[in-house]
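> Input structure: entry-v3.cif, which contains mmCIF, C-alpha atoms.
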data_run
#
loop_
_atom_site.label_atom_id
_atom_site.label_comp_id
_atom_site.auth_asym_id
_atom_site.auth_seq_id
_atom_site.Cartn_x
_atom_site.Cartn_y
_atom_site.Cartn_z
CA MET A 1 -54.21 92.78 -41.27
CA ILE A 2 -56.25 93.97 -44.21
CA LEU A 3 -58.73 96.77 -43.58
CA ALA A 4 -61.85 95.97 -45.61
CA LEU A 5 -64.42 98.52 -46.75
CA SER A 6 -67.19 97.26 -44.46
CA GLU A 7 -64.88 97.23 -41.47
CA ILE A 8 -63.76 100.81 -42.12
CA LEU A 9 -67.27 102.16 -42.52
CA GLU A 10 -68.52 100.34 -39.42
CA ASP A 11 -65.64 101.33 -37.17
CA PRO A 12 -63.62 104.29 -38.46
CA VAL A 13 -61.83 104.71 -35.13
CA HIS A 14 -60.47 101.17 -35.38
CA ALA A 15 -59.33 101.89 -38.93
CA ARG A 16 -57.54 104.97 -37.70
CA ARG A 17 -55.77 102.93 -35.00
CA VAL A 18 -54.65 100.31 -37.52
CA LEU A 19 -53.22 102.94 -39.87
CA LEU A 20 -51.33 104.54 -37.00
CA ASP A 21 -49.96 101.24 -35.74
CA GLU A 22 -49.14 99.55 -39.03
CA LEU A 23 -47.86 102.28 -41.34
CA PHE A 24 -44.66 104.26 -41.08
CA GLY A 25 -45.01 108.02 -41.00
CA VAL A 26 -48.80 108.17 -41.23
CA ALA A 27 -51.01 110.14 -38.86
CA VAL A 28 -54.77 110.46 -39.17
CA ASP A 29 -55.51 114.08 -38.35
CA ARG A 30 -59.23 114.00 -38.89
CA LEU A 31 -62.06 111.57 -39.58
CA LEU A 32 -65.19 112.88 -41.23
CA GLU A 33 -68.38 110.95 -41.80
CA PRO A 34 -70.34 112.82 -44.51
CA ARG A 35 -74.13 112.83 -44.30
CA CYS A 36 -74.26 111.03 -47.64
CA GLY A 37 -72.27 108.15 -46.13
CA GLY A 38 -68.74 106.98 -46.53
CA LEU A 39 -65.68 108.32 -44.78
CA VAL A 40 -63.07 111.01 -45.28
CA LEU A 41 -59.62 110.75 -43.73
CA ASP A 42 -57.21 113.66 -43.54
CA LEU A 43 -53.70 112.32 -43.26
CA SER A 44 -50.23 113.64 -42.51
CA PHE A 45 -47.15 111.93 -43.86
CA THR A 46 -43.67 112.09 -42.35
CA PRO A 47 -40.89 111.70 -44.91
CA LEU A 48 -38.55 108.70 -44.93
CA PRO A 49 -35.38 109.42 -42.92
CA GLU A 50 -33.30 109.83 -46.09
CA LEU A 51 -35.78 112.34 -47.46
CA ALA A 52 -35.91 114.29 -44.20
CA VAL A 53 -32.12 114.64 -44.31
CA ALA A 54 -32.42 115.96 -47.88
CA GLY A 55 -34.87 118.63 -46.76
CA TYR A 56 -38.15 117.08 -47.85
CA ASP A 57 -41.07 118.39 -45.80
CA GLY A 58 -43.99 116.35 -44.60
CA GLU A 59 -46.99 115.95 -46.88
CA ARG A 60 -50.73 115.96 -46.29
CA GLY A 61 -53.51 114.26 -48.14
CA ARG A 62 -57.18 113.39 -48.05
CA VAL A 63 -58.67 109.98 -48.76
CA SER A 64 -62.36 110.01 -49.57
CA ILE A 65 -64.26 106.73 -49.45
CA ARG A 66 -67.81 106.41 -50.69
CA PRO A 67 -70.26 103.81 -49.38
CA ASN A 68 -70.03 101.90 -52.68
CA GLY A 69 -66.27 101.55 -52.30
CA ALA A 70 -65.21 104.26 -54.73
CA ILE A 71 -62.06 105.80 -53.30
CA TYR A 72 -60.11 108.94 -54.15
CA ALA A 73 -56.94 110.59 -52.89
CA PHE A 74 -56.28 114.32 -52.97
CA PRO A 75 -53.24 116.31 -51.96
CA LEU A 76 -53.66 118.96 -49.29
CA GLY A 77 -51.41 121.87 -48.48
CA PRO A 78 -49.91 124.62 -50.62
CA GLU A 79 -50.73 124.91 -54.31
CA ARG A 80 -48.05 123.18 -56.33
CA THR A 81 -47.57 121.51 -59.68
CA TRP A 82 -48.50 117.85 -60.01
CA HIS A 83 -47.23 115.39 -62.57
CA HIS A 84 -49.75 112.59 -62.06
CA ARG A 85 -53.07 114.05 -61.05
CA TYR A 86 -56.41 114.14 -62.80
CA LEU A 87 -57.75 117.50 -63.82
CA PHE A 88 -60.87 118.81 -62.16
CA PRO A 89 -63.86 118.16 -64.48
CA LEU A 90 -64.49 121.90 -64.82
CA GLY A 91 -61.04 122.45 -66.21
CA GLU A 92 -57.46 123.29 -65.35
CA ARG A 93 -58.45 126.63 -63.87
CA PHE A 94 -60.09 124.80 -60.98
CA GLY A 95 -57.47 122.10 -60.71
CA HIS A 96 -56.39 123.24 -57.28
CA LEU A 97 -59.87 122.54 -55.96
CA ALA A 98 -60.04 118.89 -56.80
CA GLY A 99 -58.32 116.44 -59.11
CA GLN A 100 -57.46 113.17 -57.46
CA LEU A 101 -54.03 111.60 -57.65
CA CYS A 102 -53.50 108.93 -60.30
CA LEU A 103 -52.04 106.20 -58.14
CA TRP A 104 -51.96 103.45 -60.78
CA TYR A 105 -52.49 102.86 -64.46
CA PRO A 106 -55.96 101.28 -64.90
CA LYS A 107 -54.80 99.05 -67.79
CA ASP A 108 -51.86 97.58 -65.89
CA PRO A 109 -51.95 93.96 -64.72
CA ARG A 110 -53.67 93.29 -61.40
CA SER A 111 -50.40 93.06 -59.49
CA LEU A 112 -49.62 96.71 -60.30
CA ARG A 113 -53.08 98.00 -59.42
CA TRP A 114 -54.81 98.46 -56.08
CA GLU A 115 -58.17 96.88 -55.29
CA TRP A 116 -60.11 96.61 -52.05
CA ASP A 117 -58.80 93.07 -51.56
CA ASP A 118 -55.45 94.72 -50.81
CA GLY A 119 -56.89 96.73 -47.91
CA LEU A 120 -56.86 100.40 -47.04
CA GLU A 121 -53.31 100.14 -45.64
CA GLN A 122 -51.89 99.48 -49.09
CA TYR A 123 -53.95 102.27 -50.60
CA VAL A 124 -52.61 104.75 -48.05
CA THR A 125 -49.09 103.42 -48.69
CA ARG A 126 -49.57 104.26 -52.37
CA VAL A 127 -50.75 107.75 -51.47
CA TYR A 128 -47.70 108.22 -49.25
CA ARG A 129 -45.35 107.06 -52.00
CA HIS A 130 -47.05 109.13 -54.66
CA LEU A 131 -46.85 112.39 -52.71
CA PHE A 132 -43.11 112.05 -52.12
CA TYR A 133 -42.55 110.92 -55.72
CA GLU A 134 -44.28 114.12 -56.81
CA GLU A 135 -41.90 116.19 -54.71
CA TYR A 136 -38.96 114.25 -56.15
CA TYR A 137 -40.28 115.04 -59.63
CA ARG A 138 -40.46 118.76 -58.80
CA ARG A 139 -36.84 118.70 -57.66
CA GLU A 140 -35.25 116.34 -60.15
CA GLY A 141 -37.48 116.53 -63.21
CA HIS A 142 -38.10 112.81 -63.52
CA TRP A 143 -40.19 110.16 -61.75
CA PRO A 144 -37.97 107.96 -59.54
CA VAL A 145 -39.19 104.71 -61.13
CA GLU A 146 -41.16 103.84 -64.24
CA ASP A 147 -44.51 105.59 -64.56
CA ALA A 148 -47.04 105.23 -67.36
CA PRO A 149 -47.08 107.92 -70.07
CA HIS A 150 -49.94 110.39 -69.92
CA ASP A 151 -53.16 109.37 -71.65
CA ASP A 152 -53.80 106.08 -73.42
CA PRO A 153 -52.14 104.84 -76.60
CA ASP A 154 -54.30 104.54 -79.70
CA THR A 155 -54.67 100.81 -79.11
CA GLY A 156 -53.95 98.55 -76.17
CA ALA A 157 -52.09 99.65 -73.09
CA HIS A 158 -48.75 101.25 -72.36
CA PRO A 159 -46.18 98.43 -72.23
CA ILE A 160 -44.12 97.93 -69.11
CA CYS A 161 -40.66 99.01 -70.17
CA SER A 162 -38.28 98.87 -67.22
CA ALA A 163 -36.67 95.68 -66.00
CA LEU A 164 -37.55 96.67 -62.44
CA MET A 165 -41.27 97.04 -63.08
CA ARG A 166 -41.42 93.87 -65.19
CA ARG A 167 -39.69 91.94 -62.45
CA GLU A 168 -41.97 93.36 -59.77
CA GLU A 169 -45.10 92.71 -61.81
CA SER A 170 -44.08 89.09 -62.07
CA ARG A 171 -43.06 88.81 -58.41
CA TRP A 172 -46.31 90.28 -57.08
CA ALA A 173 -48.45 88.23 -59.45
CA SER A 174 -47.20 85.00 -57.90
CA MET B 1 -41.83 97.83 -6.25
CA LYS B 2 -45.44 97.26 -7.14
CA TRP B 3 -46.79 98.52 -10.46
CA THR B 4 -50.20 100.06 -10.84
CA ALA B 5 -52.62 98.65 -13.40
CA GLU B 6 -51.87 101.59 -15.66
CA GLU B 7 -48.13 101.00 -15.43
CA ARG B 8 -48.63 97.34 -16.23
CA THR B 9 -50.67 98.25 -19.29
CA THR B 10 -48.03 100.69 -20.46
CA ALA B 11 -45.23 98.19 -19.90
CA ALA B 12 -47.16 95.48 -21.76
CA ARG B 13 -47.65 97.79 -24.72
CA VAL B 14 -43.99 98.85 -24.81
CA TYR B 15 -42.72 95.27 -24.57
CA THR B 16 -45.17 94.09 -27.21
CA GLN B 17 -43.97 96.77 -29.60
CA ALA B 18 -40.35 95.91 -28.86
CA ALA B 19 -40.97 92.21 -29.43
CA ARG B 20 -42.66 92.99 -32.70
CA LYS B 21 -39.74 95.09 -33.85
CA ALA B 22 -37.28 92.37 -32.87
CA ALA B 23 -39.29 89.81 -34.86
CA GLU B 24 -39.32 92.17 -37.83
CA ALA B 25 -35.54 92.64 -37.65
CA VAL B 26 -34.95 88.89 -37.47
CA ALA B 27 -37.26 88.32 -40.45
CA LEU B 28 -35.32 90.92 -42.45
CA GLU B 29 -32.02 89.25 -41.55
CA ARG B 30 -33.40 85.93 -42.75
CA ALA B 31 -34.55 87.60 -45.97
CA ASP B 32 -30.99 88.88 -46.42
CA ASP B 33 -31.73 92.59 -46.06
CA MET B 34 -29.17 93.39 -43.38
CA ASP B 35 -29.41 97.17 -43.74
CA ALA B 36 -33.17 97.11 -43.18
CA ALA B 37 -32.65 94.86 -40.15
CA ILE B 38 -30.04 97.26 -38.78
CA SER B 39 -32.46 100.16 -39.18
CA VAL B 40 -35.00 98.34 -37.03
CA TRP B 41 -32.46 97.32 -34.37
CA HIS B 42 -31.25 100.92 -34.26
CA SER B 43 -34.80 102.18 -33.77
CA LEU B 44 -35.17 99.69 -30.92
CA PHE B 45 -31.89 100.24 -29.07
CA GLY B 46 -31.05 103.79 -30.08
CA ASP B 47 -27.40 104.84 -30.28
CA ALA B 48 -26.33 101.65 -28.53
CA PHE B 49 -26.80 100.01 -31.94
CA PRO B 50 -25.22 101.54 -35.05
CA PRO B 51 -27.51 103.17 -37.62
CA ALA B 52 -27.98 101.70 -41.07
CA PRO B 53 -25.66 103.04 -43.76
CA HIS B 54 -26.82 106.21 -45.45
CA ARG B 55 -28.34 105.89 -48.88
CA SER B 56 -29.42 108.43 -51.45
CA VAL B 57 -32.94 109.75 -51.90
CA GLN B 58 -33.06 108.06 -55.32
CA ASN B 59 -32.13 104.69 -53.83
CA ALA B 60 -34.62 105.04 -50.98
CA LEU B 61 -37.45 105.97 -53.34
CA THR B 62 -36.57 103.16 -55.74
CA ALA B 63 -36.72 100.69 -52.86
CA LEU B 64 -40.09 102.17 -51.90
CA ALA B 65 -41.43 101.22 -55.34
CA ALA B 66 -42.00 97.59 -54.39
CA GLY B 67 -41.42 95.49 -51.33
CA SER B 68 -42.13 96.60 -47.81
CA VAL B 69 -41.33 99.35 -45.32
CA THR B 70 -39.92 98.71 -41.88
CA SER B 71 -41.33 100.18 -38.70
CA ALA B 72 -38.29 102.45 -38.75
CA GLY B 73 -39.16 103.83 -42.18
CA TRP B 74 -36.59 101.88 -44.21
CA PRO B 75 -37.97 100.69 -47.55
CA SER B 76 -36.90 97.12 -48.22
CA THR B 77 -37.10 95.25 -51.48
CA THR B 78 -38.11 92.17 -49.48
CA GLN B 79 -41.74 91.57 -48.58
CA VAL B 80 -41.18 90.78 -44.91
CA ALA B 81 -41.11 94.19 -43.21
CA GLN B 82 -44.12 95.48 -41.29
CA GLN B 83 -45.77 97.46 -44.10
CA VAL B 84 -46.44 96.02 -47.55
CA ALA B 85 -45.61 98.32 -50.46
CA ALA B 86 -46.98 96.83 -53.68
CA PRO B 87 -45.70 98.14 -57.02
CA GLY B 88 -47.62 100.38 -59.40
CA ARG B 89 -47.18 102.85 -62.23
CA SER B 90 -48.60 106.30 -61.67
CA TRP B 91 -50.47 107.65 -64.63
CA SER B 92 -52.82 110.43 -65.71
CA ARG B 93 -54.72 111.65 -68.69
CA ASN B 94 -53.05 114.26 -70.80
CA PRO B 95 -53.95 117.68 -69.38
CA GLN B 96 -54.64 118.86 -72.94
CA THR B 97 -57.09 116.10 -73.84
CA GLY B 98 -59.17 115.04 -70.91
CA ALA B 99 -60.28 115.61 -67.39
CA GLY B 100 -59.93 111.96 -66.42
CA ALA B 101 -62.17 110.10 -64.03
CA ALA B 102 -64.06 112.70 -62.11
CA ALA B 103 -64.49 112.20 -58.40
CA GLY B 104 -67.91 113.81 -58.64
CA PRO B 105 -69.78 116.00 -56.25
CA GLY B 106 -70.01 113.39 -53.51
CA ALA B 107 -66.29 113.32 -52.88
CA ALA B 108 -64.65 115.61 -50.37
CA PHE B 109 -62.15 117.49 -52.45
CA GLY B 110 -58.72 118.49 -51.40
CA HIS B 111 -58.18 122.19 -51.09
CA PRO B 112 -54.93 124.09 -50.76
CA GLY B 113 -56.32 126.26 -48.01
CA GLU B 114 -56.94 123.34 -45.67
#
Have the structure of the file written as structure tokens, please.


Amino acid sequence: MILALSEILEDPVHARRVLLDELFGVAVDRLLEPRCGGLVLDLSFTPLPELAVAGYDGERGRVSIRPNGAIYAFPLGPERTWHHRYLFPLGERFGHLAGQLCLWYPKDPRSLRWEWDDGLEQYVTRVYRHLFYEEYYRREGHWPVEDAPHDDPDTGAHPICSALMRREESRWAS
Amino acid sequence: MKWTAEERTTAARVYTQAARKAAEAVALERADDMDAAISVWHSLFGDAFPPAPHRSVQNALTALAAGSVTSAGWPSTTQVAQQVAAPGRSWSRNPQTGAGAAAGPGAAFGHPGE
């Protein structure tokens, strides 16, 4: 199923049940409904079996959804370095306080970006993947698959370079 | 032996989950991802069914880049496992040049102390 924004805001408990039932290694630890509207989900992520064997710990994250559909993902847990995470608007000094994860490149084709039509499940899957990719980067010094270079080029968008990502962009566009 | 209503509910849930896993494994076999199918059968039958072959962290994370993830946590490059995993390229603004898209004061920020 695809969890739509309206469905999530109307019945957060149902959304929690769907995430638990449909996604591997995802637990919803806490649901918060801010007074200003929207929903906040605190999530725990169990590593893939191969990663658990290699000593990867579980991860935690927060997904914040506003009533207008704006959505953000933040890492929780100990302070660590992050390769793909926005800085807090007040500067690097406060980066540990905020700074959402950069889950996709905004100028990429639709098939590489997430939108609400894809449902909350796919968004949470991207958060899951991103958090373990970050830990892989800390250990190995490189992103496991192609990522987009930091910042924008002077003109246009960063080209898709790897055969894998080009193939997947084409496959998911069809 | 007569089951209580609660036992019937529990049994129905367990059998439904098992049937779903079996259907997932069969779909993976048909999509030619035998290792992913084996991982699901192993999660269903336990040690009575052999585990999927071991693969490296790099290979597992590459498979996680695009395709789907089985109920047993095996990333498959096919799109038929339980959980869809669409591709994407992570990105961020250069830490030296910009703060990026701010979540703003309405968002509930992550905090290391939580």

> Select all residues from chain A having any atom no more than 6 Å from an atom of chain B (counting only C-alpha atoms, ignoring ligands), output as an NGL selection string.

:A and (23-24 or 48 or 50-51 or 74-79 or 84-87 or 89 or 97-98 or 102-105 or 112-113 or 147-148 or 150-151)

> Please evaluate the PyMOL selection byres ((chain A and resi 130) around 9) against the structure above and give the resulting residues as a list in words.

His84, Leu101, Cys102, Leu103, Thr125, Arg126, Val127, Tyr128, Arg129, Leu131, Phe132, Tyr133, Glu134 and Glu135 of chain A; Ser90 of chain B

> With C-alpha atoms retained, could you export that selection as a PDB file, in the coordinates of the input?


ATOM      1  CA  HIS A  84     -49.750 112.590 -62.060  1.00  0.00           C
ATOM      2  CA  LEU A 101     -54.030 111.600 -57.650  1.00  0.00           C
ATOM      3  CA  CYS A 102     -53.500 108.930 -60.300  1.00  0.00           C
ATOM      4  CA  LEU A 103     -52.040 106.200 -58.140  1.00  0.00           C
ATOM      5  CA  THR A 125     -49.090 103.420 -48.690  1.00  0.00           C
ATOM      6  CA  ARG A 126     -49.570 104.260 -52.370  1.00  0.00           C
ATOM      7  CA  VAL A 127     -50.750 107.750 -51.470  1.00  0.00           C
ATOM      8  CA  TYR A 128     -47.700 108.220 -49.250  1.00  0.00           C
ATOM      9  CA  ARG A 129     -45.350 107.060 -52.000  1.00  0.00           C
ATOM     10  CA  LEU A 131     -46.850 112.390 -52.710  1.00  0.00           C
ATOM     11  CA  PHE A 132     -43.110 112.050 -52.120  1.00  0.00           C
ATOM     12  CA  TYR A 133     -42.550 110.920 -55.720  1.00  0.00           C
ATOM     13  CA  GLU A 134     -44.280 114.120 -56.810  1.00  0.00           C
ATOM     14  CA  GLU A 135     -41.900 116.190 -54.710  1.00  0.00           C
TER      15      GLU A 135
ATOM     16  CA  SER B  90     -48.600 106.300 -61.670  1.00  0.00           C
TER      17      SER B  90
END

> For the PyMOL selection byres ((chain B and resi 36-43) around 10), applied here, can you spell out every residue it catches as an MDAnalysis selection string?

chainID B and resid 18 21:35 44:53 69:78 81

> Which polymer residues have any atom within 10 Å of an atom of Leu9 in chain A, counting all atoms listed in the file, with same-chain residues fewer than 3 positions away left out, as a PyMOL selection string?

chain A and resi 4-6+12-15+33+37-39+65-67+69

> To one decimal in Å, tell me the separation between CA of Ala163 in chain A and CA of Val145 in chain A.

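It comes out at 10.6 Å.
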